[in-house]
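Visitor: So I've got this file, structure_11.cif, and it contains mmCIF, C-alpha atoms and all ligand atoms:
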data_protein
#
loop_
_atom_site.group_PDB
_atom_site.id
_atom_site.type_symbol
_atom_site.label_atom_id
_atom_site.label_comp_id
_atom_site.auth_asym_id
_atom_site.auth_seq_id
_atom_site.Cartn_x
_atom_site.Cartn_y
_atom_site.Cartn_z
ATOM 1 C CA MET A 1 -26.920 9.718 -9.936
ATOM 2 C CA ALA A 2 -23.234 9.089 -9.406
ATOM 3 C CA LYS A 3 -21.253 11.854 -7.841
ATOM 4 C CA THR A 4 -17.707 12.432 -8.937
ATOM 5 C CA VAL A 5 -15.348 13.488 -6.180
ATOM 6 C CA LYS A 6 -12.025 14.989 -7.058
ATOM 7 C CA ILE A 7 -9.227 14.374 -4.620
ATOM 8 C CA ASN A 8 -8.016 17.929 -4.239
ATOM 9 C CA GLU A 9 -10.940 20.271 -4.501
ATOM 10 C CA GLN A 10 -12.538 22.977 -2.484
ATOM 11 C CA PHE A 11 -15.362 21.917 -0.220
ATOM 12 C CA ILE A 12 -17.707 23.288 2.403
ATOM 13 C CA CYS A 13 -17.165 21.634 5.773
ATOM 14 C CA LEU A 14 -20.176 19.644 6.951
ATOM 15 C CA ASN A 15 -19.293 20.321 10.562
ATOM 16 C CA CYS A 16 -18.517 24.041 10.759
ATOM 17 C CA GLY A 17 -19.385 25.428 7.323
ATOM 18 C CA GLU A 18 -15.857 26.607 6.547
ATOM 19 C CA LYS A 19 -15.196 27.028 2.838
ATOM 20 C CA ASN A 20 -11.943 25.195 2.233
ATOM 21 C CA PRO A 21 -9.916 26.060 -0.868
ATOM 22 C CA PRO A 22 -7.888 23.326 -2.602
ATOM 23 C CA ALA A 23 -4.730 22.565 -0.668
ATOM 24 C CA ASP A 24 -1.378 23.946 -1.676
ATOM 25 C CA LYS A 25 0.894 20.924 -1.714
ATOM 26 C CA THR A 26 -1.096 18.099 -0.243
ATOM 27 C CA CYS A 27 -4.579 16.727 -0.841
ATOM 28 C CA ARG A 28 -7.273 18.565 1.032
ATOM 29 C CA ASN A 29 -9.089 15.814 2.861
ATOM 30 C CA HIS A 30 -10.206 17.569 6.017
ATOM 31 C CA CYS A 31 -11.437 20.965 7.149
ATOM 32 C CA ARG A 32 -8.613 23.394 7.901
ATOM 33 C CA ARG A 33 -10.692 25.083 10.596
ATOM 34 C CA CYS A 34 -12.181 22.279 12.717
ATOM 35 C CA LEU A 35 -10.169 19.372 11.231
ATOM 36 C CA HIS A 36 -13.272 17.296 10.586
ATOM 37 C CA SER A 37 -13.228 15.096 7.534
ATOM 38 C CA ARG A 38 -15.659 13.032 5.565
ATOM 39 C CA HIS A 39 -15.743 9.273 5.171
ATOM 40 C CA VAL A 40 -15.149 8.906 1.459
ATOM 41 C CA ASP A 41 -11.995 6.790 1.458
ATOM 42 C CA GLU A 42 -12.038 3.146 2.419
ATOM 43 C CA LEU A 43 -8.632 1.481 2.265
ATOM 44 C CA ILE A 44 -6.139 3.992 0.947
ATOM 45 C CA PRO A 45 -6.360 7.773 1.329
ATOM 46 C CA GLY A 46 -7.747 9.114 -1.919
ATOM 47 C CA ASP A 47 -9.357 5.895 -3.140
ATOM 48 C CA ARG A 48 -12.853 7.403 -2.656
ATOM 49 C CA ALA A 49 -14.184 3.853 -2.353
ATOM 50 C CA SER A 50 -16.471 4.373 0.620
ATOM 51 C CA SER A 51 -20.159 4.951 0.214
ATOM 52 C CA CYS A 52 -20.579 5.953 3.865
ATOM 53 C CA GLU A 53 -19.948 9.722 3.562
ATOM 54 C CA GLY A 54 -20.356 10.191 7.320
ATOM 55 C CA ILE A 55 -18.585 13.007 9.153
ATOM 56 C CA MET A 56 -15.187 11.945 10.468
ATOM 57 C CA ALA A 57 -14.173 13.594 13.724
ATOM 58 C CA PRO A 58 -10.556 14.205 14.716
ATOM 59 C CA ILE A 59 -9.898 11.920 17.693
ATOM 60 C CA GLY A 60 -6.162 12.076 18.140
ATOM 61 C CA LEU A 61 -2.806 13.234 16.923
ATOM 62 C CA ASP A 62 0.345 11.478 15.889
ATOM 63 C CA GLN A 63 3.631 12.837 14.716
ATOM 64 C CA ASN A 64 5.725 11.602 11.848
ATOM 65 C CA PRO A 65 9.361 12.774 12.076
ATOM 66 C CA LYS A 66 9.493 13.246 8.318
ATOM 67 C CA LYS A 67 5.993 14.291 7.379
ATOM 68 C CA GLY A 68 4.777 16.206 10.420
ATOM 69 C CA PHE A 69 1.454 15.955 12.191
ATOM 70 C CA ILE A 70 -0.895 13.084 11.450
ATOM 71 C CA ILE A 71 -4.524 13.551 12.425
ATOM 72 C CA LEU A 72 -6.454 10.456 13.463
ATOM 73 C CA HIS A 73 -10.027 10.548 12.204
ATOM 74 C CA LYS A 74 -12.957 8.396 13.238
ATOM 75 C CA CYS A 75 -16.220 8.185 11.323
ATOM 76 C CA LEU A 76 -19.222 9.141 13.448
ATOM 77 C CA GLU A 77 -21.473 6.949 11.320
ATOM 78 C CA CYS A 78 -19.651 3.634 11.105
ATOM 79 C CA GLY A 79 -16.565 3.935 13.320
ATOM 80 C CA HIS A 80 -14.050 3.612 10.499
ATOM 81 C CA GLU A 81 -10.679 5.145 11.382
ATOM 82 C CA ASN A 82 -8.241 6.926 9.118
ATOM 83 C CA ARG A 83 -4.937 8.754 9.426
ATOM 84 C CA ASN A 84 -4.472 11.984 7.530
ATOM 85 C CA LEU A 85 -1.505 14.246 7.153
ATOM 86 C CA ALA A 86 -2.164 17.744 8.479
ATOM 87 C CA ALA A 87 -2.021 20.492 5.875
ATOM 88 C CA ASN A 88 0.209 23.485 6.479
ATOM 89 C CA ASP A 89 -2.737 25.847 6.699
ATOM 90 C CA ASP A 90 -4.648 23.745 9.206
ATOM 91 C CA ASN A 91 -5.897 25.498 12.324
ATOM 92 C CA PHE A 92 -2.923 25.052 14.612
ATOM 93 C CA ASP A 93 -4.937 25.715 17.763
ATOM 94 C CA ALA A 94 -7.213 22.795 16.897
ATOM 95 C CA ILE A 95 -4.160 20.587 16.336
ATOM 96 C CA ILE A 96 -2.749 21.605 19.717
ATOM 97 C CA GLN A 97 -6.085 20.816 21.348
ATOM 98 C CA LEU A 98 -5.993 17.394 19.764
ATOM 99 C CA SER A 99 -2.472 16.791 21.041
ATOM 100 C CA THR A 100 -3.622 17.545 24.570
ATOM 101 C CA GLY A 101 -6.372 14.982 24.225
ATOM 102 C CA LYS A 102 -9.256 17.417 24.136
ATOM 103 C CA ASN A 103 -11.495 16.067 21.422
ATOM 104 C CA LEU A 104 -13.503 18.397 19.279
ATOM 105 C CA GLY A 105 -16.980 16.983 19.118
ATOM 106 C CA PRO A 106 -19.276 17.791 16.225
ATOM 107 C CA GLY A 107 -20.544 21.344 16.457
ATOM 108 C CA GLU A 108 -18.411 22.261 19.445
ATOM 109 C CA ASN A 109 -15.933 24.355 17.569
ATOM 110 C CA GLN A 110 -17.933 27.334 16.380
HETATM 111 ZN ZN ZN B 201 -14.909 22.454 9.626
HETATM 112 ZN ZN ZN B 202 -18.216 5.812 7.827
#
Show this structure as C-alpha cells.
Guide:
Amino acid sequence: MAKTVKINEQFICLNCGEKNPPADKTCRNHCRRCLHSRHVDELIPGDRASSCEGIMAPIGLDQNPKKGFIILHKCLECGHENRNLAANDDNFDAIIQLSTGKNLGPGENQ
C-alpha cells in the first residue's frame, strides 16, 4: 500500500520519540530535539522520491549567511547525504554540539 507523505506535517521521531509539530515557517524535515531526519528525499529536499526511509543522522553543520544554520545529514542505511536548513525551534544545544564536531549517534541523545 502506498504511503502518502506530506512535506510539512507532524511526525514522531524514529530516533528519540519526540513528537514534532508542523514547522512554523519552514518545512519540518528533521527532529527538533535530536536533529535526526529520515531518508525520504532523493535529489531535491521535499521531492519524497526515496524509498530508503532509513534514519538520517546529523553529521555536521554549515552556516549560510542569509539562511542560517544548515544541518548535514547522512543516511545510516545507504550513506546518502543531504543538507537541511535548521528550523527556528530546533534544539540549539544539539546544533552547538554539531558545530563542535561531536556527532550525535543514534540513541545517544536521550
Ligand atoms: Zn529525535
Ligand atoms: Zn538511505
Visitor: Give the residue list for ligand ZN 202 (chain B) at 7 Å, counting only C-alpha atoms and all ligand atoms, as a PyMOL selection string, sorted by chain and then by residue number.
Guide: chain A and resi 39+52-54+75-80
Visitor: Mind listing the residues within 8 Å of ligand ZN 201 (chain B), all atoms listed in the file counted, as a PyMOL selection string?
Guide: chain A and resi 12-18+30-37
Visitor: Can you list what the PyMOL selection byres (((chain A and resi 67-71) around 9) and not hetatm) grabs from this structure, as number ranges by chain?
Guide: A: 35, 58-66, 72-73, 82-87, 95, 98
Visitor: Tell me, in Å to one decimal, how far CA of Arg48 (chain A) is from CA of Asn29 (chain A).
Guide: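 Between CA of Arg48 (chain A) and CA of Asn29 (chain A) the gap works out to 10.7 Å.
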Visitor: Restricting the calculation to all atoms listed in the file: of A:Ile96, A:Asn20, A:Met56, A:Phe11, which residue gets closest to Asp41 (chain A)?
Guide: A:Met56
Visitor: So which residues get picked by the PyMOL selection byres (((chain A and resi 10) around 9) and not hetatm) here, written as a PyMOL selection string?
Guide: chain A and resi 8-9+11-12+19-23+28
